[in-house]
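Data first, discussion second: the structure below is written as structure tokens.
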Amino acid sequence: MNQTPDKLPAAVLFDLDGTLVDSLPDMTWAMNQLLAELGRKSTSLADMRTWVGDGAGVLVERCLAATGGVPGAPADAVGRFLAFYRTHAAVETRPFPGVLTTLAALSAAGHPMGVCTNKPNDLSRLLLDALDMSRFFSAVVGGDGVPERKPHPGHLLATLKSMGVENRKVLMVGDSPNDVAAARAAGVPVVVVGFGYTQVPAETLGADLVISDFADLPRAAAEFL
Ligand SMILES: O=C(O)COP(=O)(O)O
Ligand SMILES: [Mg+2]
């Protein structure tokens, strides 16, 4: 007997940086290679944490503004950062505790899963491959793969379309104001992790739920679906 669409396991969309993986150390390494090339002093994990979330272009722009100004920096600064990052994307980066077992459990329960990230497509795929995480996702849509990235809801909708699951219930899991705003605008419930890269406490982001342990996700998700 065919299942009706809303009886099917919900689709789950994941943000990448700060939600599935702790990628700040490798991003900081790559940024410090760029800064060294420009003769500027190094930046820190703590500063990088406040700049990440709107894609590589904005990340480099924020860093340059804080370390001597954007004027004087080469036009290809973003390209140089990405070139360094590509060589060093999964050296220190690891999934947060509980992520792999939770993704395996959701996958076994039949939830289609996708990654909706402002990170560029090629780096997202490279990182997920290196950490043996690509197998969980039927689509990975980076910020350069859509006309307008998160917080635009179109980024979430494009990820669902690419997954081929437009008629399912959907849950978004993220760490930042962009994730919450995109989910709200798309009419999708949103869970936020409490350990991600946000400048304000996760509890103030306006999510439906904040989880401090990734392993709480399946139980939490069941509340909304
Ligand atoms: O790379 C970024 O700026 C943010 O990426 P995220 O959307 O996966 O958090
Ligand atoms: Mg994030």
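All residue names refer to the structure tokens as shown: chains lettered A, B, ... in order, residues numbered from 1 in each chain, ligands numbered from 1 in order.
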
>> Can you tell me which residues surround A:Leu209 at a distance of at most 7 Å, considering only C-alpha atoms, apart from same-chain residues fewer than 2 positions away, and format the answer as number ranges by chain?
In response: A: 191-192, 207, 211

Please produce a file of the residues just selected, as a short mmCIF file (atom, residue, chain, number, x, y, z; two decimals), in the first residue's frame, where the atoms kept are N, CA and C atoms.
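Saved result, again_19.cif, follows:
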```
data_model
loop_
_atom_site.label_atom_id
_atom_site.label_comp_id
_atom_site.auth_asym_id
_atom_site.auth_seq_id
_atom_site.Cartn_x
_atom_site.Cartn_y
_atom_site.Cartn_z
N VAL A 191 15.35 23.71 14.41
CA VAL A 191 16.07 23.38 15.64
C VAL A 191 17.46 23.99 15.53
N VAL A 192 17.92 24.59 16.62
CA VAL A 192 19.25 25.20 16.64
C VAL A 192 20.13 24.46 17.64
N ALA A 207 14.47 30.04 17.49
CA ALA A 207 14.20 28.70 16.96
C ALA A 207 13.06 28.03 17.73
N ILE A 211 19.03 22.53 21.05
CA ILE A 211 19.56 21.29 21.64
C ILE A 211 21.04 21.50 21.96
#
```

DSSP says strand (DSSP E or B) for which residues of stretch 19-184 of chain A? Put them as a PDB file with N, CA and C atoms, in the first residue's frame?
```pdb
ATOM      1  N   VAL A  21      29.742  20.272  11.616  1.00  0.00           N
ATOM      2  CA  VAL A  21      31.195  20.184  11.792  1.00  0.00           C
ATOM      3  C   VAL A  21      31.765  21.419  12.475  1.00  0.00           C
ATOM      4  N   ASP A  22      32.824  21.171  13.253  1.00  0.00           N
ATOM      5  CA  ASP A  22      33.573  22.256  13.888  1.00  0.00           C
ATOM      6  C   ASP A  22      34.740  22.588  12.941  1.00  0.00           C
ATOM      7  N   ARG A  94      36.330  18.395  12.452  1.00  0.00           N
ATOM      8  CA  ARG A  94      35.693  17.126  12.818  1.00  0.00           C
ATOM      9  C   ARG A  94      34.198  17.346  12.995  1.00  0.00           C
ATOM     10  N   PRO A  95      33.400  16.269  12.811  1.00  0.00           N
ATOM     11  CA  PRO A  95      31.986  16.398  13.164  1.00  0.00           C
ATOM     12  C   PRO A  95      31.850  16.641  14.670  1.00  0.00           C
ATOM     13  N   MET A 113      18.013  13.376   3.787  1.00  0.00           N
ATOM     14  CA  MET A 113      18.772  14.463   4.420  1.00  0.00           C
ATOM     15  C   MET A 113      19.569  15.232   3.379  1.00  0.00           C
ATOM     16  N   GLY A 114      19.642  16.539   3.611  1.00  0.00           N
ATOM     17  CA  GLY A 114      20.397  17.395   2.705  1.00  0.00           C
ATOM     18  C   GLY A 114      21.172  18.435   3.486  1.00  0.00           C
ATOM     19  N   VAL A 115      22.207  18.978   2.849  1.00  0.00           N
ATOM     20  CA  VAL A 115      23.009  20.037   3.463  1.00  0.00           C
ATOM     21  C   VAL A 115      22.747  21.340   2.721  1.00  0.00           C
ATOM     22  N   CYS A 116      22.381  22.360   3.470  1.00  0.00           N
ATOM     23  CA  CYS A 116      22.069  23.686   2.940  1.00  0.00           C
ATOM     24  C   CYS A 116      23.006  24.666   3.642  1.00  0.00           C
ATOM     25  N   ALA A 139      21.601  15.585  -1.235  1.00  0.00           N
ATOM     26  CA  ALA A 139      21.961  16.842  -1.908  1.00  0.00           C
ATOM     27  C   ALA A 139      22.798  17.699  -0.971  1.00  0.00           C
ATOM     28  N   VAL A 140      23.753  18.415  -1.566  1.00  0.00           N
ATOM     29  CA  VAL A 140      24.556  19.406  -0.838  1.00  0.00           C
ATOM     30  C   VAL A 140      24.490  20.675  -1.687  1.00  0.00           C
ATOM     31  N   VAL A 141      23.902  21.731  -1.131  1.00  0.00           N
ATOM     32  CA  VAL A 141      23.763  22.967  -1.911  1.00  0.00           C
ATOM     33  C   VAL A 141      24.468  24.103  -1.183  1.00  0.00           C
ATOM     34  N   VAL A 170       9.270  18.965   6.575  1.00  0.00           N
ATOM     35  CA  VAL A 170      10.689  19.344   6.562  1.00  0.00           C
ATOM     36  C   VAL A 170      11.078  19.906   7.916  1.00  0.00           C
ATOM     37  N   LEU A 171      12.293  19.613   8.344  1.00  0.00           N
ATOM     38  CA  LEU A 171      12.878  20.232   9.532  1.00  0.00           C
ATOM     39  C   LEU A 171      14.241  20.796   9.149  1.00  0.00           C
ATOM     40  N   MET A 172      14.508  22.023   9.607  1.00  0.00           N
ATOM     41  CA  MET A 172      15.828  22.627   9.393  1.00  0.00           C
ATOM     42  C   MET A 172      16.610  22.554  10.710  1.00  0.00           C
ATOM     43  N   VAL A 173      17.899  22.239  10.620  1.00  0.00           N
ATOM     44  CA  VAL A 173      18.770  22.199  11.800  1.00  0.00           C
ATOM     45  C   VAL A 173      19.961  23.120  11.528  1.00  0.00           C
ATOM     46  N   GLY A 174      20.152  24.126  12.374  1.00  0.00           N
ATOM     47  CA  GLY A 174      21.226  25.085  12.118  1.00  0.00           C
ATOM     48  C   GLY A 174      21.825  25.665  13.374  1.00  0.00           C
TER      49      GLY A 174
END
```

Each chain A residue no farther than 9 Å from ligand 2, nearest pair in Å, only C-alpha atoms and all ligand atoms, as a tab-separated table:
```
residue	atom	partner	partner_atom_place_in_ligand_line	distance
A:Phe14	CA	ligand 2	1 (Mg)	8.9
A:Asp15	CA	ligand 2	1 (Mg)	5.4
A:Leu16	CA	ligand 2	1 (Mg)	5.6
A:Asp17	CA	ligand 2	1 (Mg)	4.2
A:Gly18	CA	ligand 2	1 (Mg)	4.5
A:Thr19	CA	ligand 2	1 (Mg)	5.6
A:Leu20	CA	ligand 2	1 (Mg)	8.3
A:Val21	CA	ligand 2	1 (Mg)	8.9
A:Val52	CA	ligand 2	1 (Mg)	7.8
A:Gly53	CA	ligand 2	1 (Mg)	5.6
A:Asp54	CA	ligand 2	1 (Mg)	8.7
A:Thr117	CA	ligand 2	1 (Mg)	7.1
A:Asn118	CA	ligand 2	1 (Mg)	7.8
A:Lys119	CA	ligand 2	1 (Mg)	8.8
A:Gly174	CA	ligand 2	1 (Mg)	6.0
A:Asp175	CA	ligand 2	1 (Mg)	5.0
A:Ser176	CA	ligand 2	1 (Mg)	5.6
A:Pro177	CA	ligand 2	1 (Mg)	9.0
A:Asn178	CA	ligand 2	1 (Mg)	8.2
A:Asp179	CA	ligand 2	1 (Mg)	7.4
A:Gly196	CA	ligand 2	1 (Mg)	6.8
A:Tyr197	CA	ligand 2	1 (Mg)	6.2
A:Thr198	CA	ligand 2	1 (Mg)	8.0
```

>> Taking only C-alpha atoms and all ligand atoms into account, name the residue in A:Glu61, A:Glu37, A:Glu166, A:Asp213 that is nearest to ligand 1.
In response: A:Glu61

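Non-sequential neighbours of A:Ala75 (distance at most 12 Å, separation of 4 or more positions within a chain, only C-alpha atoms) are Gly57, Val60, Glu61, Leu64, Val70, Pro71, Gly79, Arg80 and Phe81 of chain A.
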
> If you count only C-alpha atoms, which residues fall within 9 Å of A:Asn32, apart from same-chain ones fewer than 5 positions away, as a PyMOL selection string?
Replying inline: chain A and resi 27+37+40-44+81

>> Just checking: using only C-alpha atoms, which residue out of A:Val91, A:Glu203, A:Ala73, A:Gly142 ends up closest to A:Leu35?
In response: A:Ala73

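Of the residues under consideration (A:Ala83, A:Val58, A:Val180, A:Met163), A:Val180 shows the shortest atom-to-atom contact distance to A:Leu205 when counting only C-alpha atoms.
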
Could you please write out, as a short mmCIF file (atom, residue, chain, number, x, y, z; two decimals) with C-alpha atoms, in the first residue's frame, every residue of chain A that DSSP assigns to alpha helix (DSSP H)?
```
data_model
loop_
_atom_site.label_atom_id
_atom_site.label_comp_id
_atom_site.auth_asym_id
_atom_site.auth_seq_id
_atom_site.Cartn_x
_atom_site.Cartn_y
_atom_site.Cartn_z
CA LEU A 24 36.77 26.98 12.54
CA PRO A 25 40.35 25.70 13.10
CA ASP A 26 40.95 24.95 9.41
CA MET A 27 39.21 28.15 8.27
CA THR A 28 41.40 30.10 10.69
CA TRP A 29 44.53 28.35 9.39
CA ALA A 30 43.62 29.28 5.80
CA MET A 31 42.83 32.88 6.76
CA ASN A 32 46.18 33.17 8.53
CA GLN A 33 47.98 32.01 5.36
CA LEU A 34 46.26 34.83 3.49
CA LEU A 35 47.08 37.36 6.21
CA ALA A 36 50.73 36.28 6.23
CA GLU A 37 50.84 36.70 2.45
CA LEU A 45 39.56 31.42 16.42
CA ALA A 46 37.51 33.77 18.59
CA ASP A 47 37.48 36.52 15.95
CA MET A 48 36.80 34.08 13.11
CA ARG A 49 33.81 32.76 15.05
CA THR A 50 32.21 36.22 14.92
CA TRP A 51 32.77 36.61 11.14
CA ALA A 56 33.58 32.95 2.15
CA GLY A 57 33.38 36.36 0.46
CA VAL A 58 31.87 38.07 3.49
CA LEU A 59 34.21 36.17 5.83
CA VAL A 60 37.31 37.47 4.02
CA GLU A 61 35.83 40.98 3.79
CA ARG A 62 35.14 41.07 7.55
CA CYS A 63 38.60 39.77 8.35
CA LEU A 64 40.35 42.26 6.06
CA ALA A 65 38.31 45.13 7.50
CA ALA A 66 39.41 44.11 11.02
CA ALA A 77 41.89 37.77 -1.69
CA VAL A 78 38.83 35.51 -1.54
CA GLY A 79 40.31 33.26 -4.20
CA ARG A 80 43.60 33.06 -2.30
CA PHE A 81 41.77 32.22 0.96
CA LEU A 82 39.78 29.48 -0.79
CA ALA A 83 42.93 28.09 -2.43
CA PHE A 84 44.62 27.78 0.98
CA TYR A 85 41.44 26.37 2.55
CA ARG A 86 41.08 23.70 -0.16
CA VAL A 99 26.70 13.85 14.73
CA LEU A 100 27.74 10.64 12.97
CA THR A 101 25.62 8.30 15.10
CA THR A 102 22.63 10.64 14.83
CA LEU A 103 22.90 10.93 11.05
CA ALA A 104 23.16 7.14 10.85
CA ALA A 105 20.04 6.74 13.00
CA LEU A 106 18.04 9.28 10.98
CA SER A 107 19.17 7.66 7.76
CA ALA A 108 18.19 4.20 9.02
CA ASN A 121 29.78 23.99 -3.04
CA ASP A 122 33.20 22.56 -3.84
CA LEU A 123 34.56 23.03 -0.33
CA SER A 124 31.41 21.63 1.26
CA ARG A 125 31.66 18.49 -0.84
CA LEU A 126 35.39 18.17 -0.34
CA LEU A 127 34.96 18.44 3.42
CA LEU A 128 32.02 16.03 3.63
CA ASP A 129 33.89 13.50 1.46
CA ALA A 130 37.03 13.78 3.59
CA PRO A 153 14.28 30.81 1.88
CA GLY A 154 15.02 29.93 -1.76
CA HIS A 155 18.24 28.27 -0.62
CA LEU A 156 16.28 25.78 1.51
CA LEU A 157 13.72 25.23 -1.24
CA ALA A 158 16.46 24.65 -3.82
CA THR A 159 18.04 22.04 -1.52
CA LEU A 160 14.71 20.24 -1.14
CA LYS A 161 14.18 20.34 -4.90
CA SER A 162 17.61 18.90 -5.48
CA MET A 163 16.77 16.13 -2.98
CA PRO A 177 20.34 33.73 12.66
CA ASN A 178 20.53 33.02 8.90
CA ASP A 179 19.32 29.45 9.45
CA VAL A 180 16.39 30.53 11.59
CA ALA A 181 15.41 33.35 9.22
CA ALA A 182 15.55 31.10 6.14
CA ALA A 183 13.50 28.39 7.85
CA ARG A 184 10.90 30.86 9.10
CA ALA A 185 10.56 32.44 5.66
CA ALA A 186 10.15 28.98 4.13
CA LEU A 217 17.88 15.61 17.59
CA PRO A 218 15.69 12.59 16.68
CA ARG A 219 13.62 12.93 19.84
CA ALA A 220 13.39 16.71 19.44
CA ALA A 221 12.46 16.40 15.78
CA ALA A 222 9.62 14.06 16.63
CA GLU A 223 7.99 16.91 18.59
CA PHE A 224 7.55 19.00 15.45
#
```
